[in-house]
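Text of structure_28.cif, listed as mmCIF, C-alpha atoms:
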```cif
data_start
loop_
_atom_site.group_PDB
_atom_site.id
_atom_site.type_symbol
_atom_site.label_atom_id
_atom_site.label_comp_id
_atom_site.auth_asym_id
_atom_site.auth_seq_id
_atom_site.Cartn_x
_atom_site.Cartn_y
_atom_site.Cartn_z
ATOM 1 C CA MET M 1 70.470 92.171 74.877
ATOM 2 C CA LEU M 2 67.979 93.690 77.288
ATOM 3 C CA HIS M 3 65.839 90.551 77.243
ATOM 4 C CA GLU M 4 68.852 88.381 78.121
ATOM 5 C CA ALA M 5 69.837 90.725 80.941
ATOM 6 C CA LYS M 6 66.272 90.747 82.308
ATOM 7 C CA THR M 7 66.194 86.949 82.167
ATOM 8 C CA ALA M 8 69.465 86.781 84.115
ATOM 9 C CA PHE M 9 68.057 89.253 86.659
ATOM 10 C CA ASP M 10 64.861 87.199 87.033
ATOM 11 C CA HIS M 11 66.898 84.025 87.483
ATOM 12 C CA ALA M 12 69.047 85.627 90.191
ATOM 13 C CA LEU M 13 65.868 86.671 92.018
ATOM 14 C CA ALA M 14 64.218 83.277 91.636
ATOM 15 C CA GLU M 15 67.305 81.517 92.945
ATOM 16 C CA ARG M 16 67.511 83.986 95.860
ATOM 17 C CA GLU M 17 71.090 84.782 94.935
ATOM 18 C CA LEU M 18 70.865 88.466 95.923
ATOM 19 C CA SER M 19 70.845 90.162 99.277
ATOM 20 C CA PRO M 20 68.120 92.777 99.794
ATOM 21 C CA GLU M 21 70.676 95.524 99.071
ATOM 22 C CA GLN M 22 71.900 93.797 95.894
ATOM 23 C CA HIS M 23 68.296 93.279 94.811
ATOM 24 C CA GLN M 24 67.535 96.979 95.251
ATOM 25 C CA GLN M 25 70.666 98.071 93.378
ATOM 26 C CA ALA M 26 70.090 95.585 90.553
ATOM 27 C CA GLU M 27 66.423 96.563 90.248
ATOM 28 C CA HIS M 28 67.438 100.215 89.957
ATOM 29 C CA GLN M 29 70.051 99.351 87.326
ATOM 30 C CA LEU M 30 67.509 97.310 85.366
ATOM 31 C CA ALA M 31 65.208 100.349 85.325
ATOM 32 C CA ILE M 32 68.086 102.421 83.942
ATOM 33 C CA CYS M 33 68.617 99.849 81.197
ATOM 34 C CA GLU M 34 64.914 99.663 80.361
ATOM 35 C CA GLY M 35 64.614 103.448 80.209
ATOM 36 C CA SER M 36 67.724 103.966 78.112
ATOM 37 C CA ASP M 37 67.761 106.777 75.574
ATOM 38 C CA TRP M 38 69.408 104.272 73.238
ATOM 39 C CA PHE M 39 65.952 103.073 72.208
ATOM 40 C CA TRP M 40 65.051 106.569 71.051
ATOM 41 C CA TRP M 41 68.353 107.284 69.313
ATOM 42 C CA PHE M 42 68.658 103.954 67.514
ATOM 43 C CA GLY M 43 67.865 104.280 63.813
ATOM 44 C CA ASP M 44 69.019 105.751 60.540
ATOM 45 C CA TYR M 45 67.254 109.044 61.218
ATOM 46 C CA ASN M 46 69.844 110.068 63.850
ATOM 47 C CA PRO M 47 73.545 110.843 63.358
ATOM 48 C CA GLY M 48 75.726 107.751 63.577
ATOM 49 C CA GLU M 49 78.051 109.270 66.157
ATOM 50 C CA ALA M 50 75.171 110.027 68.514
ATOM 51 C CA VAL M 51 73.778 106.524 68.094
ATOM 52 C CA SER M 52 77.216 105.053 68.766
ATOM 53 C CA ASN M 53 77.635 107.050 71.976
ATOM 54 C CA PHE M 54 74.233 105.996 73.298
ATOM 55 C CA GLU M 55 74.878 102.386 72.316
ATOM 56 C CA LYS M 56 78.160 102.358 74.252
ATOM 57 C CA GLN M 57 76.394 103.742 77.315
ATOM 58 C CA PHE M 58 73.565 101.217 76.946
ATOM 59 C CA ARG M 59 76.040 98.337 76.823
ATOM 60 C CA LEU M 60 77.890 99.678 79.869
ATOM 61 C CA ASN M 61 74.601 99.855 81.746
ATOM 62 C CA LEU M 62 73.883 96.219 80.847
ATOM 63 C CA ILE M 63 77.355 95.161 81.978
ATOM 64 C CA ASN M 64 76.796 96.970 85.270
ATOM 65 C CA LEU M 65 73.540 95.068 85.763
ATOM 66 C CA TYR M 66 75.289 91.745 85.236
ATOM 67 C CA GLN M 67 77.973 92.747 87.737
ATOM 68 C CA LEU M 68 75.344 93.687 90.309
ATOM 69 C CA ILE M 69 73.710 90.254 90.044
ATOM 70 C CA GLY M 70 77.069 88.495 90.173
ATOM 71 C CA LYS M 71 77.011 87.148 86.636
ATOM 72 C CA ASP M 72 79.530 87.407 83.837
ATOM 73 C CA PRO M 73 78.028 89.467 81.033
ATOM 74 C CA PRO M 74 77.825 87.860 77.625
ATOM 75 C CA LEU M 75 79.904 89.442 74.892
ATOM 76 C CA ILE M 76 77.815 92.559 74.396
#
```
For the structure just supplied, provide its representation as structure tokens.
Amino acid sequence: MLHEAKTAFDHALAERELSPEQHQQAEHQLAICEGSDWFWWFGDYNPGEAVSNFEKQFRLNLINLYQLIGKDPPLI
């Protein structure tokens, strides 16, 4: 999911689809996605409820990134 979002971000930059302000906001949001605690929590060694909560937040962060670059998010 993160790879697809990063690819969409890169495409928006390459196509010069973002204003400088949108670029800055999207870049910040991408950093949030890349630094998500979801990567640490994911796995059988953590309680399922905690993993589920972090996964929901991770997906919301990805959706926000897509919105910032003006793209419809895939079903994530």
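Using only C-alpha atoms, the nearest neighbour of Tyr66 (chain M) within the list M:Ala8, M:His3, M:Arg16, M:Glu34 is M:Ala8.
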**Request:** Could you state which residues are captured by the PyMOL selection byres ((chain M and resi 22) around 12) in this file, as a PyMOL selection string?
**Result:** chain M and resi 9+12-13+16-21+23-30+65-70
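Distance-wise, CA of Cys33 (chain M) and CA of Leu62 (chain M) end up 6.4 Å apart.
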**Interatomic distance, CA of Ala14 (chain M) to CA of Lys56 (chain M) (Å, one decimal)** =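 CA of Ala14 (chain M) sits 29.3 Å away from CA of Lys56 (chain M).
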**Item:** Given all atoms listed in the file as the counted atoms, nearest of M:Ser52, M:Phe58, M:Pro73, M:Glu15 to Ala31 (chain M)
**Value:**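 Going through M:Ser52, M:Phe58, M:Pro73, M:Glu15 one by one, the smallest distance to Ala31 (chain M) is for M:Phe58.
The spacing separating CA of Phe54 (chain M) from CA of Ser36 (chain M) amounts to 8.3 Å.
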**Pick from M:His11, M:Ile32, M:Lys6, M:Leu75 nearest to Gln57 (chain M), counting only C-alpha atoms** =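 Once distances to Gln57 (chain M) are computed over only C-alpha atoms, the minimum belongs to M:Ile32.
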Can you pull region 14-41 of chain M out of that block with N, CA and C atoms and hand it back as a short mmCIF file (atom, residue, chain, number, x, y, z; two decimals), in the first residue's frame?
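See result_24.cif below for the written result:
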```cif
data_model
loop_
_atom_site.label_atom_id
_atom_site.label_comp_id
_atom_site.auth_asym_id
_atom_site.auth_seq_id
_atom_site.Cartn_x
_atom_site.Cartn_y
_atom_site.Cartn_z
N ALA M 14 6.20 14.35 -10.83
CA ALA M 14 6.77 14.31 -12.18
C ALA M 14 5.88 15.04 -13.19
N GLU M 15 4.60 14.94 -13.00
CA GLU M 15 3.65 15.59 -13.92
C GLU M 15 3.38 17.04 -13.53
N ARG M 16 4.05 17.50 -12.48
CA ARG M 16 3.90 18.89 -12.00
C ARG M 16 2.44 19.23 -11.73
N GLU M 17 1.77 18.30 -11.09
CA GLU M 17 0.35 18.46 -10.79
C GLU M 17 0.09 19.20 -9.48
N LEU M 18 1.15 19.45 -8.70
CA LEU M 18 0.98 20.04 -7.37
C LEU M 18 1.56 21.44 -7.30
N SER M 19 0.86 22.30 -6.60
CA SER M 19 1.42 23.62 -6.31
C SER M 19 2.53 23.43 -5.27
N PRO M 20 3.37 24.44 -5.07
CA PRO M 20 4.40 24.31 -4.03
C PRO M 20 3.81 23.98 -2.65
N GLU M 21 2.68 24.59 -2.32
CA GLU M 21 2.05 24.32 -1.02
C GLU M 21 1.54 22.88 -0.96
N GLN M 22 0.90 22.42 -2.02
CA GLN M 22 0.42 21.02 -2.06
C GLN M 22 1.60 20.05 -1.97
N HIS M 23 2.67 20.38 -2.67
CA HIS M 23 3.87 19.53 -2.64
C HIS M 23 4.38 19.40 -1.21
N GLN M 24 4.49 20.53 -0.52
CA GLN M 24 4.99 20.52 0.86
C GLN M 24 4.07 19.70 1.77
N GLN M 25 2.77 19.91 1.65
CA GLN M 25 1.83 19.17 2.49
C GLN M 25 1.87 17.67 2.19
N ALA M 26 1.93 17.33 0.91
CA ALA M 26 1.95 15.92 0.52
C ALA M 26 3.26 15.26 0.95
N GLU M 27 4.36 15.98 0.83
CA GLU M 27 5.65 15.44 1.26
C GLU M 27 5.65 15.17 2.77
N HIS M 28 5.06 16.07 3.52
CA HIS M 28 4.95 15.88 4.97
C HIS M 28 4.07 14.66 5.28
N GLN M 29 2.96 14.54 4.57
CA GLN M 29 2.06 13.40 4.79
C GLN M 29 2.74 12.09 4.41
N LEU M 30 3.51 12.09 3.34
CA LEU M 30 4.24 10.89 2.95
C LEU M 30 5.21 10.48 4.06
N ALA M 31 5.88 11.45 4.66
CA ALA M 31 6.80 11.15 5.77
C ALA M 31 6.04 10.53 6.94
N ILE M 32 4.85 11.01 7.20
CA ILE M 32 4.01 10.42 8.26
C ILE M 32 3.71 8.96 7.93
N CYS M 33 3.34 8.71 6.69
CA CYS M 33 3.03 7.34 6.27
C CYS M 33 4.26 6.44 6.38
N GLU M 34 5.40 6.94 5.93
CA GLU M 34 6.63 6.13 5.96
C GLU M 34 7.11 5.87 7.38
N GLY M 35 6.81 6.76 8.30
CA GLY M 35 7.25 6.61 9.68
C GLY M 35 6.19 6.01 10.59
N SER M 36 5.17 5.44 10.01
CA SER M 36 4.04 4.93 10.79
C SER M 36 4.45 3.88 11.81
N ASP M 37 3.84 3.96 12.99
CA ASP M 37 4.05 2.93 14.01
C ASP M 37 3.45 1.60 13.59
N TRP M 38 2.62 1.61 12.56
CA TRP M 38 2.00 0.37 12.09
C TRP M 38 3.06 -0.67 11.76
N PHE M 39 4.19 -0.24 11.22
CA PHE M 39 5.24 -1.18 10.84
C PHE M 39 5.81 -1.88 12.07
N TRP M 40 5.84 -1.19 13.19
CA TRP M 40 6.35 -1.80 14.41
C TRP M 40 5.31 -2.71 15.04
N TRP M 41 4.05 -2.31 15.00
CA TRP M 41 3.00 -3.06 15.67
C TRP M 41 2.56 -4.29 14.89
#
```
